[in-house]
Each structure stands twice: as structure tokens, then as C-alpha cells.
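Enquirer: Contents of my_file37.cif (mmCIF, C-alpha atoms):
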```
data_run
#
loop_
_atom_site.label_atom_id
_atom_site.label_comp_id
_atom_site.auth_asym_id
_atom_site.auth_seq_id
_atom_site.Cartn_x
_atom_site.Cartn_y
_atom_site.Cartn_z
CA MET I 8 19.77 -0.92 6.08
CA THR I 9 22.61 -1.80 8.40
CA ALA I 10 25.16 -4.39 7.47
CA ASP I 11 22.89 -7.19 8.60
CA ARG I 12 19.24 -6.07 8.54
CA LEU I 13 16.53 -4.32 6.54
CA THR I 14 14.67 -1.49 8.31
CA ILE I 15 10.89 -1.28 7.91
CA LEU I 16 9.37 1.99 9.11
CA HIS I 17 5.72 1.58 10.14
CA VAL I 18 4.19 5.06 10.36
CA TYR I 19 1.34 5.67 12.82
CA PRO I 20 0.51 1.97 13.44
CA ARG I 21 -1.94 2.84 16.21
CA GLN I 22 -3.86 5.59 14.40
CA MET I 23 -3.56 4.24 10.85
CA GLY I 24 -3.92 0.51 11.24
CA VAL I 25 -7.58 -0.45 11.38
CA SER I 26 -7.75 -3.02 8.57
CA GLY I 27 -5.21 -5.61 9.61
CA ASP I 28 -2.46 -3.41 8.22
CA ARG I 29 0.18 -4.99 10.43
CA GLY I 30 -0.26 -7.89 8.04
CA ASN I 31 1.56 -5.85 5.39
CA VAL I 32 4.51 -5.41 7.75
CA ALA I 33 4.39 -9.09 8.73
CA ALA I 34 4.41 -10.11 5.06
CA LEU I 35 7.53 -8.05 4.42
CA VAL I 36 9.26 -9.52 7.47
CA ARG I 37 8.38 -13.13 6.65
CA ARG I 38 9.23 -12.77 2.96
CA ALA I 39 12.60 -11.21 3.79
CA GLU I 40 13.30 -14.10 6.18
CA ALA I 41 12.72 -16.49 3.27
CA ALA I 42 15.56 -14.69 1.49
CA ASP I 43 17.78 -14.87 4.61
CA ILE I 44 17.47 -11.13 5.18
CA ALA I 45 16.97 -10.05 8.79
CA THR I 46 14.64 -7.13 9.45
CA GLU I 47 14.01 -4.47 12.07
CA VAL I 48 10.57 -2.88 12.38
CA ILE I 49 10.50 0.68 13.70
CA GLU I 50 7.10 2.05 14.69
CA TYR I 51 6.78 5.82 14.37
CA ALA I 52 4.27 7.54 16.68
CA PRO I 53 3.35 11.25 16.88
CA GLY I 54 6.07 13.21 18.62
CA ASP I 55 8.81 10.63 18.05
CA PRO I 56 12.13 11.80 16.56
CA VAL I 57 11.69 12.32 12.83
CA PRO I 58 13.07 9.25 11.03
CA THR I 59 15.85 9.91 8.55
CA THR I 60 16.61 6.36 7.40
CA ALA I 61 14.51 3.37 6.38
CA ASP I 62 14.46 0.76 3.66
CA VAL I 63 10.67 0.38 3.36
CA VAL I 64 7.91 2.66 4.70
CA VAL I 65 4.40 1.37 5.43
CA VAL I 66 1.34 3.54 6.16
CA GLY I 67 -1.92 1.77 6.93
CA ASN I 68 -5.61 2.51 6.76
CA GLY I 69 -7.42 4.83 9.16
CA PRO I 70 -10.41 7.16 9.46
CA LEU I 71 -10.54 10.89 8.90
CA SER I 72 -10.81 11.42 12.67
CA ALA I 73 -7.43 9.75 13.11
CA MET I 74 -5.87 11.93 10.41
CA ARG I 75 -7.21 15.04 12.12
CA SER I 76 -5.89 13.88 15.48
CA LEU I 77 -2.38 13.66 14.05
CA GLY I 78 -2.48 17.39 13.40
CA ALA I 79 0.80 19.14 12.76
CA ASP I 80 2.80 15.93 13.18
CA VAL I 81 1.90 14.95 9.61
CA THR I 82 3.53 18.12 8.34
CA ARG I 83 6.49 17.64 10.71
CA VAL I 84 7.29 14.14 9.44
CA GLY I 85 6.07 14.63 5.85
CA GLY I 86 9.35 16.05 4.58
CA ALA I 87 11.25 13.01 5.83
CA VAL I 88 8.79 10.60 4.20
CA ARG I 89 9.00 12.51 0.91
CA ASP I 90 12.81 12.46 1.08
CA LEU I 91 12.84 8.71 1.61
CA ALA I 92 10.51 8.18 -1.37
CA ALA I 93 12.64 10.49 -3.53
CA ALA I 94 15.72 8.45 -2.58
CA GLY I 95 14.07 5.30 -3.91
CA VAL I 96 12.78 3.86 -0.64
CA PRO I 97 9.45 2.15 -1.37
CA VAL I 98 6.54 3.77 0.46
CA VAL I 99 3.52 1.46 0.68
CA ALA I 100 0.42 3.49 1.58
CA VAL I 101 -2.96 1.76 1.79
CA GLY I 102 -6.54 2.87 2.42
CA GLY I 103 -6.64 6.07 4.46
CA GLY I 104 -2.84 5.92 4.49
CA PHE I 105 -2.93 6.48 0.74
CA ASP I 106 -5.18 9.50 1.28
CA LEU I 107 -2.75 10.80 3.91
CA ALA I 108 0.19 10.33 1.54
CA THR I 109 -1.34 12.74 -1.01
CA ASN I 110 -1.00 16.52 -0.79
CA GLU I 111 -4.23 16.93 1.17
CA VAL I 112 -7.40 15.22 2.29
CA VAL I 113 -10.49 17.34 1.58
CA PRO I 114 -13.41 16.45 3.90
CA THR I 115 -17.06 17.16 3.23
CA GLU I 116 -17.00 19.54 6.20
CA GLY I 117 -14.21 21.46 7.84
CA ALA I 118 -10.71 22.39 6.77
CA PRO I 119 -8.55 20.17 4.56
CA VAL I 120 -6.05 17.92 6.28
CA ALA I 121 -2.44 18.29 5.11
CA GLY I 122 -0.86 15.09 3.81
CA PHE I 123 2.68 13.80 3.43
CA GLY I 124 2.81 14.90 -0.21
CA VAL I 125 4.44 11.71 -1.49
CA PHE I 126 1.88 11.61 -4.32
CA ASP I 127 0.89 14.70 -6.29
CA ALA I 128 -2.83 14.14 -5.74
CA ARG I 129 -5.81 15.13 -3.59
CA ALA I 130 -8.12 12.81 -1.68
CA VAL I 131 -11.61 14.32 -1.79
CA ARG I 132 -14.16 12.83 0.60
CA GLY I 133 -17.88 12.58 -0.13
CA ALA I 134 -17.82 10.37 -3.23
CA GLU I 135 -20.18 7.44 -3.58
CA ARG I 136 -19.03 4.73 -1.20
CA ARG I 137 -17.26 1.79 -2.83
CA VAL I 138 -17.39 -1.47 -0.89
CA ASN I 139 -16.21 -4.21 -3.22
CA TYR I 140 -13.91 -7.09 -3.71
CA PHE I 141 -11.16 -5.51 -5.75
CA VAL I 142 -9.46 -7.06 -8.79
CA LEU I 143 -6.72 -5.00 -10.42
CA ASP I 144 -4.13 -5.18 -13.19
CA THR I 145 -1.26 -3.33 -11.60
CA ARG I 146 1.06 -0.95 -13.43
CA TYR I 147 3.74 -1.12 -10.72
CA PRO I 148 6.94 -1.05 -12.83
CA LEU I 149 8.98 -3.29 -10.55
CA LEU I 150 6.82 -6.26 -11.49
CA GLY I 151 8.66 -6.35 -14.79
CA GLY I 152 6.31 -4.28 -16.92
CA ALA I 153 3.88 -7.15 -17.51
CA SER I 154 0.29 -6.81 -16.38
CA THR I 155 0.00 -8.52 -13.00
CA ARG I 156 -3.37 -9.43 -11.47
CA LEU I 157 -3.90 -8.38 -7.84
CA ALA I 158 -6.85 -8.92 -5.55
CA GLY I 159 -8.11 -7.38 -2.33
CA PHE I 160 -10.94 -5.32 -0.91
CA GLU I 161 -11.92 -1.65 -1.03
CA ASP I 162 -14.13 0.27 1.39
CA HIS I 163 -13.99 4.04 0.98
CA ALA I 164 -15.89 7.12 -0.17
CA THR I 165 -12.95 9.06 -1.56
CA ARG I 166 -12.32 10.52 -5.00
CA ILE I 167 -8.64 10.64 -5.86
CA GLU I 168 -7.61 13.51 -8.14
CA LEU I 169 -4.20 12.73 -9.61
CA GLY I 170 -1.87 15.53 -10.59
CA ALA I 171 -0.67 15.90 -14.17
CA GLY I 172 1.65 13.09 -15.13
CA VAL I 173 0.98 10.93 -12.06
CA GLU I 174 0.69 7.27 -13.02
CA PRO I 175 -2.13 5.21 -11.50
CA PHE I 176 -1.14 2.12 -9.56
CA ALA I 177 -3.47 -0.16 -11.52
CA ASP I 178 -6.30 -0.56 -14.00
CA VAL I 179 -9.55 -1.68 -12.40
CA VAL I 180 -10.89 -5.05 -13.49
CA SER I 181 -13.60 -5.06 -10.85
CA GLY I 182 -14.37 -2.47 -8.18
CA GLY I 183 -14.53 1.29 -7.93
CA GLY I 184 -11.05 2.78 -7.92
CA ASN I 185 -10.07 6.44 -7.87
CA GLN I 186 -13.27 7.95 -9.24
CA ALA I 187 -16.30 7.34 -11.43
CA GLY I 188 -15.66 7.33 -15.15
CA ALA I 189 -11.94 6.64 -14.81
CA PRO I 190 -11.38 2.93 -14.11
CA VAL I 191 -7.94 3.32 -12.55
CA GLU I 192 -6.78 2.90 -8.97
CA GLY I 193 -4.14 4.42 -6.74
CA ALA I 194 -0.92 6.19 -7.67
CA ILE I 195 2.74 5.45 -8.30
CA VAL I 196 5.79 7.62 -7.83
CA GLY I 197 9.14 5.93 -8.34
CA THR I 198 9.15 2.72 -6.30
CA SER I 199 6.32 3.94 -4.03
CA PHE I 200 2.62 3.25 -4.45
CA GLY I 201 -0.67 4.16 -2.84
CA THR I 202 -3.86 2.14 -3.13
CA HIS I 203 -7.24 1.71 -1.46
CA THR I 204 -6.75 -2.05 -1.63
CA GLN I 205 -7.15 -3.39 1.86
CA GLY I 206 -7.21 -6.91 3.07
CA PRO I 207 -4.24 -6.35 3.66
CA ILE I 208 -2.75 -6.26 0.17
CA LEU I 209 0.74 -7.76 0.61
CA PRO I 210 -0.06 -11.17 2.17
CA LEU I 211 -2.72 -11.76 -0.49
CA ASN I 212 -0.36 -10.75 -3.32
CA PRO I 213 3.14 -12.08 -2.53
CA GLN I 214 4.44 -11.14 -5.97
CA LEU I 215 3.90 -7.50 -4.98
CA THR I 216 5.67 -8.08 -1.66
CA ASP I 217 8.61 -9.49 -3.61
CA ALA I 218 8.68 -6.43 -5.86
CA VAL I 219 8.77 -4.07 -2.87
CA LEU I 220 11.58 -6.00 -1.22
CA ALA I 221 13.49 -6.22 -4.50
CA ALA I 222 13.29 -2.44 -4.79
CA ALA I 223 14.42 -1.98 -1.19
CA THR I 224 17.42 -4.28 -1.54
CA ALA I 225 18.44 -3.16 -5.04
CA ARG I 226 19.23 0.36 -3.86
CA LEU I 227 21.50 -1.23 -1.25
CA ASP I 228 23.33 -3.47 -3.75
CA ARG I 229 21.97 -6.63 -2.19
CA ALA I 230 20.21 -9.37 -4.10
CA TYR I 231 16.72 -10.43 -3.05
CA GLN I 232 15.79 -14.01 -3.86
CA PRO I 233 13.33 -15.78 -1.55
CA ASP I 234 13.63 -19.54 -1.27
CA ALA I 235 10.74 -21.08 -3.22
CA GLU I 236 10.40 -24.03 -0.86
CA ARG I 237 10.08 -21.72 2.15
CA THR I 238 7.38 -19.62 0.47
CA ALA I 239 5.47 -22.43 -1.25
CA THR I 240 2.74 -22.82 1.38
CA VAL I 241 1.90 -19.13 1.75
CA ASP I 242 2.09 -18.69 -2.03
CA ARG I 243 -0.47 -21.46 -2.44
CA TYR I 244 -2.78 -19.95 0.17
CA ALA I 245 -2.57 -16.55 -1.52
CA ARG I 246 -3.13 -18.02 -4.98
CA GLU I 247 -6.20 -19.92 -3.80
CA ALA I 248 -7.59 -16.84 -2.05
CA ARG I 249 -7.16 -14.72 -5.18
CA ALA I 250 -8.83 -17.43 -7.26
CA THR I 251 -11.78 -17.44 -4.85
CA ILE I 252 -12.13 -13.67 -5.18
CA ASP I 253 -11.94 -13.96 -8.98
CA ARG I 254 -14.72 -16.55 -9.00
CA TYR I 255 -16.88 -14.43 -6.70
CA VAL I 256 -16.32 -11.35 -8.81
CA ASP I 257 -17.16 -13.26 -12.00
CA LYS I 258 -20.53 -14.15 -10.51
CA ALA I 259 -21.43 -10.93 -8.75
CA PHE I 260 -19.38 -7.80 -9.35
CA LYS I 261 -17.35 -8.03 -12.53
CA ARG I 262 -17.30 -4.78 -14.45
CA ILE I 263 -18.41 -5.13 -18.08
CA ALA I 264 -15.91 -3.36 -20.30
#
```
For the file at hand, write its structure as C-alpha cells.

Expert:
Amino acid sequence: MTADRLTILHVYPRQMGVSGDRGNVAALVRRAEAADIATEVIEYAPGDPVPTTADVVVVGNGPLSAMRSLGADVTRVGGAVRDLAAAGVPVVAVGGGFDLATNEVVPTEGAPVAGFGVFDARAVRGAERRVNYFVLDTRYPLLGGASTRLAGFEDHATRIELGAGVEPFADVVSGGGNQAGAPVEGAIVGTSFGTHTQGPILPLNPQLTDAVLAAATARLDRAYQPDAERTATVDRYAREARATIDRYVDKAFKRIA
């Protein structure tokens, strides 16, 4: 962050951005504006200079073919992304971007694809496909430790194998999650999280957007407090959308504990 703006690094927006993932970036920008914080969005493409500074990193969803096309660039930029996460910069990785942020993506055929290594995990393709409305109770610590209900959508056939001691992002209320028999979803490391929640996740869950921005500004000794009047309309839309998903899940997909 410079003296007057927050830097959002959007990694591979062209290759990893097939599910409206620019909406996550837009949500961060608009929410920061409501707190009178200016932003700058930097889009990183293969071959660009390796970024060394950012205040938030966003990686969106994309197919295995896109990950393969990125080739050695993932390894080239992975160290910088890991360093940012280790320094407390929130990395928000969704869908295939979550897979790419693990140590490796293991396809059903061919060689594994190296990941950024932000999360000590493997993304193993070939699991039963999960296409569901997603309802989660997140464990993201920056939401104050209380269970917070999130909603979205999942569409993937990936089994996530978390390393020892890696905390899941959420408990699954309804949907598939990381793998059969373990009703958890995603991963957390520090202030960073990965999830297969698409939709995109941040506009639908503004409380999570606030937590990400609070983490980004806290490490820079700047308070984050969005104006409630300026966010009231979008908060209402998001709340009504989540309520609609909850009602639909209650009728059709709710997992029986």
C-alpha cells in the first residue's frame, strides 16, 4: 500500500477467471471505497515482472488446461505469492485458483501441475463431481472466531488432501467440500484462504470481504471501517440472495447430519 491507496494483485485474470471472478476484485474495490480507501488493481499475466508488493492477492477459477498452459510461470511467480502470504497479505484463491495455490494439482492423466504452494495440500482430480449450491460455516479467524454462515456455488471434481495441521476454511452445511467422508471445505493459512466456492464468493458474502480488507489494512496500521449507509443496499441484496440459497437448500440439498 502506498500512502494513499491499497494494491490488489489479480493473478492470471485471463486464464483463471471463468466464473465471474472479477466480481471478487470489484467487491474489494467497492467495499474499500465505502471506507474511503482508494485502490489500485494490478493484473499479473504470464511473463510479467514478478510482483514483490501487494496488499491483497486474488486468484480466480480456471480449468486444468489453463493451469497447464501457464507452465513454468507458476513456479516462477509462486515464491513471490508465498512470500506475500507469509507476510500476512491475504491471498484469496477460489475454484481452480485454490487448486493452483496448493503444492500440486494431480490430474487423472499426465504429469502433476506444480502449484504456488501457499497451502500445504494437494488437489487430486477425478473425484465425483460436485455441482451444488454451497452453504458453509466458515472458520476464517478474522471473522472474530464466531461461526459465520456463507453461501455460494461449487462445481468441481477435485479431492483436496490437506497437509498435517492445515485448517479447513469451513465446515460444510450443504454441498460436497474437500472430499467424501470429511465434511470440510477449503484451507486457511494465516490470513489467506482457498475455497471452491464460486459465484463469486465476496459479493455474496460482504462480511468476508470486510474481513479480508480488515486484514489487509491492519498490517499497514490503517483502520478499516466501511460506512454502513454506503453499503446498506449491497448488503441487503447479498443477505436476500443468501436467504434464497438457504431456502433452496432446505428443500432440495441440505445434508442430514

Enquirer: Using all atoms listed in the file, can you tell me which of I:Ala42, I:Val65, I:Val18, I:Leu13 comes closest to Ala230 (chain I)?

Expert: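 Result for the nearest residue to Ala230 (chain I): I:Ala42.
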
Enquirer: Anything within 6 Å of (-9.9, 1.1, -14.4): list those residues as a ChimeraX atom specification, counting only C-alpha atoms and sticking to the file's coordinates.

Expert: /I:178-179,189-191

Enquirer: Just want the 10 Å neighbourhood of Ala92 (chain I), counted on only C-alpha atoms, with same-chain residues fewer than 3 positions away dropped. Output as a ChimeraX atom specification.

Expert: /I:61-64,86-89,95-99,125-126,196-200

Enquirer: Expanded to explicit residues, what is the PyMOL selection byres ((chain I and resi 21) around 12) for this file, as an MDAnalysis selection string?

Expert: chainID I and resid 17:20 22:29 50:53 66:70 73:74 76:77

Enquirer: Give me a file of those residues, with C-alpha atoms, as a PDB file, keeping the file's coordinate frame.

Expert:
```pdb
ATOM      1  CA  HIS I  17       5.720   1.580  10.140  1.00  0.00           C
ATOM      2  CA  VAL I  18       4.190   5.060  10.360  1.00  0.00           C
ATOM      3  CA  TYR I  19       1.340   5.670  12.820  1.00  0.00           C
ATOM      4  CA  PRO I  20       0.510   1.970  13.440  1.00  0.00           C
ATOM      5  CA  GLN I  22      -3.860   5.590  14.400  1.00  0.00           C
ATOM      6  CA  MET I  23      -3.560   4.240  10.850  1.00  0.00           C
ATOM      7  CA  GLY I  24      -3.920   0.510  11.240  1.00  0.00           C
ATOM      8  CA  VAL I  25      -7.580  -0.450  11.380  1.00  0.00           C
ATOM      9  CA  SER I  26      -7.750  -3.020   8.570  1.00  0.00           C
ATOM     10  CA  GLY I  27      -5.210  -5.610   9.610  1.00  0.00           C
ATOM     11  CA  ASP I  28      -2.460  -3.410   8.220  1.00  0.00           C
ATOM     12  CA  ARG I  29       0.180  -4.990  10.430  1.00  0.00           C
ATOM     13  CA  GLU I  50       7.100   2.050  14.690  1.00  0.00           C
ATOM     14  CA  TYR I  51       6.780   5.820  14.370  1.00  0.00           C
ATOM     15  CA  ALA I  52       4.270   7.540  16.680  1.00  0.00           C
ATOM     16  CA  PRO I  53       3.350  11.250  16.880  1.00  0.00           C
ATOM     17  CA  VAL I  66       1.340   3.540   6.160  1.00  0.00           C
ATOM     18  CA  GLY I  67      -1.920   1.770   6.930  1.00  0.00           C
ATOM     19  CA  ASN I  68      -5.610   2.510   6.760  1.00  0.00           C
ATOM     20  CA  GLY I  69      -7.420   4.830   9.160  1.00  0.00           C
ATOM     21  CA  PRO I  70     -10.410   7.160   9.460  1.00  0.00           C
ATOM     22  CA  ALA I  73      -7.430   9.750  13.110  1.00  0.00           C
ATOM     23  CA  MET I  74      -5.870  11.930  10.410  1.00  0.00           C
ATOM     24  CA  SER I  76      -5.890  13.880  15.480  1.00  0.00           C
ATOM     25  CA  LEU I  77      -2.380  13.660  14.050  1.00  0.00           C
TER      26      LEU I  77
END
```

Enquirer: For Val81 (chain I), find every residue with an atom within 8 Å (counting all atoms listed in the file), except residues of its own chain fewer than 2 positions away, and show them as a list in words.

Expert: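 Once the nearby chain positions are removed, what remains is Leu77, Gly78, Ala79, Arg83, Val84, Gly85, Ala121, Gly122 and Phe123 of chain I.
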
Enquirer: Pull the neighbourhood of (1.1, 9.2, -2.5) for me: all residues within 7 Å in file coordinates, counting all atoms listed in the file, as a PyMOL selection string.

Expert: chain I and resi 105+108-109+124-127+194+200-201

Enquirer: What's the separation between CA of Ala41 (chain I) and CA of Val241 (chain I), in Å to one decimal place?

Expert: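 Atom-to-atom, CA of Ala41 (chain I) to CA of Val241 (chain I), that is 11.2 Å.
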